[in-house]
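start29.cif (mmCIF, N, CA and C atoms) appears below.
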```cif
data_target
loop_
_atom_site.label_atom_id
_atom_site.label_comp_id
_atom_site.auth_asym_id
_atom_site.auth_seq_id
_atom_site.Cartn_x
_atom_site.Cartn_y
_atom_site.Cartn_z
N MET A 1 -0.83 -10.12 8.78
CA MET A 1 -0.24 -10.63 7.57
C MET A 1 0.37 -9.52 6.71
N ILE A 2 -0.32 -8.39 6.62
CA ILE A 2 0.18 -7.28 5.79
C ILE A 2 1.55 -6.80 6.28
N PRO A 3 1.77 -6.57 7.60
CA PRO A 3 3.11 -6.15 8.03
C PRO A 3 4.20 -7.15 7.64
N PHE A 4 3.91 -8.44 7.72
CA PHE A 4 4.90 -9.45 7.32
C PHE A 4 5.23 -9.32 5.84
N LEU A 5 4.20 -9.18 5.00
CA LEU A 5 4.43 -9.04 3.57
C LEU A 5 5.22 -7.79 3.24
N MET A 6 4.91 -6.69 3.92
CA MET A 6 5.63 -5.45 3.69
C MET A 6 7.10 -5.61 4.03
N GLN A 7 7.41 -6.31 5.10
CA GLN A 7 8.80 -6.53 5.49
C GLN A 7 9.54 -7.37 4.46
N GLN A 8 8.84 -8.28 3.77
CA GLN A 8 9.47 -9.12 2.76
C GLN A 8 9.78 -8.33 1.49
N TYR A 9 8.92 -7.39 1.13
CA TYR A 9 9.10 -6.62 -0.10
C TYR A 9 9.95 -5.39 0.06
N LEU A 10 9.94 -4.78 1.24
CA LEU A 10 10.61 -3.50 1.44
C LEU A 10 11.83 -3.67 2.33
N LYS A 11 12.98 -3.30 1.81
CA LYS A 11 14.23 -3.35 2.57
C LYS A 11 14.94 -2.01 2.38
N PRO A 12 15.73 -1.61 3.38
CA PRO A 12 16.46 -0.35 3.26
C PRO A 12 17.42 -0.39 2.08
N PRO A 13 17.66 0.71 1.43
CA PRO A 13 16.95 1.98 1.60
C PRO A 13 15.62 1.97 0.85
N THR A 14 14.59 2.49 1.46
CA THR A 14 13.27 2.56 0.84
C THR A 14 12.73 3.98 0.94
N ARG A 15 12.17 4.43 -0.15
CA ARG A 15 11.49 5.72 -0.18
C ARG A 15 10.29 5.58 -1.11
N LEU A 16 9.10 5.60 -0.54
CA LEU A 16 7.87 5.47 -1.32
C LEU A 16 7.04 6.74 -1.17
N THR A 17 6.41 7.12 -2.26
CA THR A 17 5.49 8.26 -2.22
C THR A 17 4.13 7.79 -2.75
N THR A 18 3.08 8.47 -2.32
CA THR A 18 1.73 8.11 -2.75
C THR A 18 1.22 9.10 -3.78
N ALA A 19 0.30 8.64 -4.61
CA ALA A 19 -0.37 9.53 -5.55
C ALA A 19 -1.17 10.55 -4.76
N THR A 20 -1.41 11.69 -5.35
CA THR A 20 -2.11 12.75 -4.62
C THR A 20 -3.60 12.50 -4.46
N THR A 21 -4.18 11.68 -5.35
CA THR A 21 -5.61 11.42 -5.29
C THR A 21 -5.87 9.92 -5.26
N PRO A 22 -6.48 9.41 -4.18
CA PRO A 22 -6.84 7.99 -4.18
C PRO A 22 -7.97 7.71 -5.17
N ILE A 23 -8.02 6.47 -5.64
CA ILE A 23 -9.06 6.04 -6.57
C ILE A 23 -10.03 5.16 -5.79
N GLY A 24 -11.32 5.33 -5.98
CA GLY A 24 -12.23 4.41 -5.32
C GLY A 24 -13.59 4.98 -5.02
N GLN A 25 -14.32 4.17 -4.29
CA GLN A 25 -15.66 4.52 -3.88
C GLN A 25 -15.65 5.02 -2.44
N ARG A 26 -16.79 5.09 -1.85
CA ARG A 26 -16.95 5.67 -0.52
C ARG A 26 -16.19 4.93 0.58
N ILE A 27 -16.12 3.60 0.55
CA ILE A 27 -15.49 2.88 1.65
C ILE A 27 -14.20 2.17 1.27
N THR A 28 -13.92 2.01 -0.02
CA THR A 28 -12.70 1.31 -0.45
C THR A 28 -11.92 2.22 -1.40
N PHE A 29 -10.63 2.38 -1.11
CA PHE A 29 -9.78 3.26 -1.89
C PHE A 29 -8.51 2.53 -2.31
N VAL A 30 -8.03 2.83 -3.50
CA VAL A 30 -6.75 2.33 -4.00
C VAL A 30 -5.81 3.52 -4.09
N VAL A 31 -4.66 3.38 -3.45
CA VAL A 31 -3.66 4.44 -3.46
C VAL A 31 -2.45 3.93 -4.22
N GLN A 32 -2.05 4.64 -5.26
CA GLN A 32 -0.89 4.24 -6.05
C GLN A 32 0.39 4.66 -5.32
N LEU A 33 1.42 3.79 -5.41
CA LEU A 33 2.72 4.05 -4.81
C LEU A 33 3.78 4.08 -5.91
N SER A 34 4.85 4.83 -5.66
CA SER A 34 6.02 4.79 -6.52
C SER A 34 7.23 5.14 -5.67
N GLY A 35 8.39 4.67 -6.09
CA GLY A 35 9.61 5.00 -5.35
C GLY A 35 10.69 3.97 -5.56
N ILE A 36 11.52 3.79 -4.53
CA ILE A 36 12.62 2.83 -4.59
C ILE A 36 12.64 1.98 -3.34
N THR A 37 13.10 0.75 -3.48
CA THR A 37 13.40 -0.11 -2.34
C THR A 37 14.51 -1.05 -2.76
N LYS A 38 15.40 -1.33 -1.87
CA LYS A 38 16.55 -2.18 -2.14
C LYS A 38 17.32 -1.68 -3.36
N GLY A 39 17.31 -0.37 -3.60
CA GLY A 39 18.04 0.22 -4.70
C GLY A 39 17.37 0.10 -6.06
N ALA A 40 16.16 -0.43 -6.13
CA ALA A 40 15.46 -0.60 -7.41
C ALA A 40 14.18 0.25 -7.43
N THR A 41 13.81 0.70 -8.62
CA THR A 41 12.57 1.45 -8.79
C THR A 41 11.39 0.49 -8.69
N VAL A 42 10.36 0.91 -7.96
CA VAL A 42 9.16 0.09 -7.81
C VAL A 42 7.91 0.95 -7.98
N SER A 43 6.81 0.28 -8.28
CA SER A 43 5.49 0.92 -8.26
C SER A 43 4.54 -0.07 -7.62
N GLY A 44 3.41 0.42 -7.17
CA GLY A 44 2.50 -0.49 -6.52
C GLY A 44 1.22 0.18 -6.07
N ILE A 45 0.48 -0.58 -5.24
CA ILE A 45 -0.79 -0.08 -4.73
C ILE A 45 -0.98 -0.49 -3.28
N VAL A 46 -1.81 0.26 -2.60
CA VAL A 46 -2.32 -0.10 -1.28
C VAL A 46 -3.84 0.02 -1.38
N VAL A 47 -4.56 -1.02 -0.97
CA VAL A 47 -6.02 -0.98 -0.95
C VAL A 47 -6.44 -0.79 0.50
N ILE A 48 -7.19 0.28 0.74
CA ILE A 48 -7.62 0.65 2.09
C ILE A 48 -9.13 0.61 2.16
N GLN A 49 -9.64 0.06 3.25
CA GLN A 49 -11.09 -0.02 3.42
C GLN A 49 -11.46 0.60 4.77
N GLN A 50 -12.52 1.37 4.77
CA GLN A 50 -12.99 2.01 6.00
C GLN A 50 -14.47 1.72 6.18
N LEU A 51 -14.76 0.75 7.04
CA LEU A 51 -16.14 0.37 7.35
C LEU A 51 -16.45 0.80 8.76
N ALA A 52 -17.26 1.83 8.91
CA ALA A 52 -17.61 2.31 10.25
C ALA A 52 -18.37 1.23 11.00
N PRO A 53 -18.18 1.06 12.25
CA PRO A 53 -17.33 1.80 13.17
C PRO A 53 -15.92 1.22 13.29
N GLU A 54 -15.55 0.28 12.42
CA GLU A 54 -14.22 -0.32 12.48
C GLU A 54 -13.15 0.69 12.08
N PRO A 55 -11.91 0.48 12.56
CA PRO A 55 -10.83 1.37 12.13
C PRO A 55 -10.47 1.12 10.66
N THR A 56 -9.79 2.07 10.06
CA THR A 56 -9.32 1.93 8.69
C THR A 56 -8.41 0.72 8.61
N CYS A 57 -8.56 -0.08 7.52
CA CYS A 57 -7.84 -1.33 7.40
C CYS A 57 -7.16 -1.41 6.04
N VAL A 58 -5.88 -1.81 6.02
CA VAL A 58 -5.18 -2.10 4.78
C VAL A 58 -5.58 -3.50 4.36
N ARG A 59 -6.21 -3.62 3.20
CA ARG A 59 -6.69 -4.91 2.70
C ARG A 59 -5.70 -5.57 1.74
N ALA A 60 -4.90 -4.76 1.04
CA ALA A 60 -3.94 -5.32 0.11
C ALA A 60 -2.77 -4.36 -0.05
N PHE A 61 -1.60 -4.94 -0.28
CA PHE A 61 -0.39 -4.16 -0.48
C PHE A 61 0.42 -4.88 -1.54
N SER A 62 0.85 -4.16 -2.57
CA SER A 62 1.63 -4.80 -3.63
C SER A 62 2.63 -3.80 -4.19
N VAL A 63 3.87 -4.25 -4.37
CA VAL A 63 4.87 -3.47 -5.08
C VAL A 63 5.54 -4.39 -6.11
N THR A 64 5.86 -3.82 -7.26
CA THR A 64 6.51 -4.57 -8.31
C THR A 64 7.64 -3.74 -8.89
N PRO A 65 8.70 -4.39 -9.42
CA PRO A 65 9.77 -3.64 -10.07
C PRO A 65 9.21 -2.84 -11.22
N GLY A 66 9.75 -1.65 -11.37
CA GLY A 66 9.14 -0.95 -12.45
C GLY A 66 9.69 0.29 -12.92
#
```
What does the file become when written as structure tokens?
Amino acid sequence: MIPFLMQQYLKPPTRLTTATTPIGQRITFVVQLSGITKGATVSGIVVIQQLAPEPTCVRAFSVTPG
């Protein structure tokens, strides 16, 4: 589902950068995003969860005009 949502929100040209320090606890992290997509400035977040022994998983992805 996440790849489908990302394709709906992000269209060329896109350039996103992440904050240097993720926010969160030991297994769940929020990473802030900023950049441009479809020629507009956007900001957003990615929520990542890492529960051993499972692989790292993107739990949420959001970008908004900004």
Between CA of Thr64 in chain A and CA of Arg26 in chain A, what distance in Å does the model show, to one decimal? 26.8 Å
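You can rank A:Thr37, A:Val58, A:Pro22, A:Gln32 by their closest distance to Leu10 in chain A using only N, CA and C atoms, and at the top of that list sits A:Thr37.
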Can you pull out the residues contacting Thr41 in chain A? Cut-off 8 Å, using all atoms listed in the file, and skip same-chain residues under 3 positions away; I want them as a JSON list (two decimals) with N, CA and C atoms, in the frame of the given file.
```
[["chain", "number", "residue", "atom", "x", "y", "z"],
["A", 34, "SER", "N", 4.85, 4.83, -5.66],
["A", 34, "SER", "CA", 6.02, 4.79, -6.52],
["A", 34, "SER", "C", 7.23, 5.14, -5.67],
["A", 35, "GLY", "N", 8.39, 4.67, -6.09],
["A", 35, "GLY", "CA", 9.61, 5.00, -5.35],
["A", 35, "GLY", "C", 10.69, 3.97, -5.56],
["A", 36, "ILE", "N", 11.52, 3.79, -4.53],
["A", 36, "ILE", "CA", 12.62, 2.83, -4.59],
["A", 36, "ILE", "C", 12.64, 1.98, -3.34],
["A", 37, "THR", "N", 13.10, 0.75, -3.48],
["A", 37, "THR", "CA", 13.40, -0.11, -2.34],
["A", 37, "THR", "C", 14.51, -1.05, -2.76],
["A", 38, "LYS", "N", 15.40, -1.33, -1.87],
["A", 38, "LYS", "CA", 16.55, -2.18, -2.14],
["A", 38, "LYS", "C", 17.32, -1.68, -3.36],
["A", 64, "THR", "N", 5.86, -3.82, -7.26],
["A", 64, "THR", "CA", 6.51, -4.57, -8.31],
["A", 64, "THR", "C", 7.64, -3.74, -8.89],
["A", 65, "PRO", "N", 8.70, -4.39, -9.42],
["A", 65, "PRO", "CA", 9.77, -3.64, -10.07],
["A", 65, "PRO", "C", 9.21, -2.84, -11.22],
["A", 66, "GLY", "N", 9.75, -1.65, -11.37],
["A", 66, "GLY", "CA", 9.14, -0.95, -12.45],
["A", 66, "GLY", "C", 9.69, 0.29, -12.92]]
```
List the neighbours of Thr56 in chain A out to 10 Å using only C-alpha atoms; skip same-chain residues closer than 5 positions along the sequence, and give me the result as an MDAnalysis selection string. chainID A and resid 27:28 48:51
Can you tell me, as a PyMOL selection string, which residues sit within 6 Å of (-5.0, 8.8, -5.6) in the file's frame, using all atoms listed in the file? chain A and resi 19-23+30-32
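Atom pair CA of Ala40 in chain A / CA of Gly24 in chain A: separated by 28.2 Å.
Of the listed residues (A:Met6, A:Thr17, A:Gln25, A:Pro12), A:Met6 comes nearest to Ser62 in chain A; the distances count all atoms listed in the file.
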Going by DSSP on the backbone, which bits of chain A are strand (DSSP E)? Write them as a PyMOL selection string, please. chain A and resi 14-18+23-24+28-37+40-49+57-65
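For the pair atom C of Gly44 in chain A and CA of Lys11 in chain A, the interatomic distance is 16.0 Å.
In this comparison, which uses only C-alpha atoms, the residue of A:Thr18, A:Val63, A:Pro3, A:Pro13 approaching Gly39 in chain A most closely is A:Pro13.
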Could you give me the residues within chain A that DSSP places in alpha helix (DSSP H), as a PyMOL selection string? chain A and resi 2-9
